[in-house]
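As structure tokens, the structure follows; a few thoughts come after it.
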Amino acid sequence: SGQRTGSVPEAISASLLRAGISLEERGMTHQAVTTYLKIIVRYTNSQEASIAVEKVLAIVEGLRLRGQHHSAMTVLDRLEAARLTD
């Protein structure tokens with residue numbers, strides 16, 4: 001109803017997003033995916049969730065381009081499951 005500026009959930013989802021990006025930058029792709037999926041499940045309608053979806057899709061594309069099709073499909077399956085969770 002009102003503005004949620006500076007709300008606790010917002011602070012947590014922003015912090016999780018930074019953590020996911022940091023993990024990804026350090027090459028810890030699977031941990032990053034897990035962090036992004038946590039945002040998608042817990043903070044479904046947040047701005048961070050839509051960024052997290054984009055990040056996961058970019059990871060999937062990167063895996064696919066490196067010929068890691070099985071890993072790409074596994075990550076996509078996890079994304080789909082996260083999106084279906086209410």
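Ligands are numbered from 1 in the order shown, chains are lettered A, B, ... in the order of the structure tokens, and residues start at 1 in each chain.
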Write out as number ranges by chain the set of residues from chain A that DSSP, computed on the backbone, places in alpha helix (DSSP H). A: 8-25, 29-42, 47-65, 69-84
Do you know which residues are at most 12 Å from A:Leu17 counting only C-alpha atoms, after dropping those on the same chain fewer than 4 positions away, and could you put them as a ChimeraX atom specification? /A:10-13,21-24,32-40,43,46-56
Save out the residues we just selected, C-alpha atoms, as a tab-separated table (two decimals), in the first residue's frame.
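Final output, out_14.tsv:
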chain	number	residue	atom	x	y	z
A	10	GLU	CA	14.44	-4.98	0.07
A	11	ALA	CA	17.73	-4.70	1.96
A	12	ILE	CA	18.05	-8.49	2.16
A	13	SER	CA	17.27	-9.10	-1.51
A	21	ILE	CA	27.26	-11.29	-8.35
A	22	SER	CA	30.37	-11.54	-6.17
A	23	LEU	CA	30.26	-15.37	-6.26
A	24	GLU	CA	29.81	-15.30	-10.02
A	32	ALA	CA	25.84	-17.91	-7.55
A	33	VAL	CA	22.92	-19.77	-9.18
A	34	THR	CA	21.76	-21.02	-5.77
A	35	THR	CA	21.87	-17.45	-4.41
A	36	TYR	CA	19.99	-16.05	-7.42
A	37	LEU	CA	17.33	-18.77	-7.11
A	38	LYS	CA	16.88	-17.95	-3.42
A	39	ILE	CA	16.08	-14.34	-4.42
A	40	ILE	CA	13.66	-15.53	-7.11
A	43	TYR	CA	11.42	-12.07	-3.21
A	46	SER	CA	11.22	-7.60	-6.41
A	47	GLN	CA	13.46	-5.77	-8.85
A	48	GLU	CA	16.28	-8.03	-7.63
A	49	ALA	CA	14.30	-11.12	-8.64
A	50	SER	CA	14.01	-9.96	-12.25
A	51	ILE	CA	17.74	-9.17	-12.30
A	52	ALA	CA	18.43	-12.60	-10.76
A	53	VAL	CA	16.39	-14.28	-13.53
A	54	GLU	CA	18.47	-12.42	-16.15
A	55	LYS	CA	21.69	-13.47	-14.38
A	56	VAL	CA	20.62	-17.13	-14.29
Under the rule that only C-alpha atoms are counted, which of A:Thr29, A:Leu16, A:Thr44, A:Leu57 is the nearest residue to A:Leu79?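 Result for the nearest residue to A:Leu79: A:Leu57.
Distances here use only C-alpha atoms; by that measure, the residue among A:Ile59, A:Leu65, A:Ala72, A:Thr85 closest to A:Glu25 is A:Ile59.
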Between atom CA of A:Thr74 and atom CA of A:Pro9, what is the spacing in Å? 28.2 Å
Would you compute the distance between atom CA of A:Val41 and atom CA of A:Ala81? Give it in Å to one decimal.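 Spanning atom CA of A:Val41 to atom CA of A:Ala81 is a straight-line distance of 9.1 Å.
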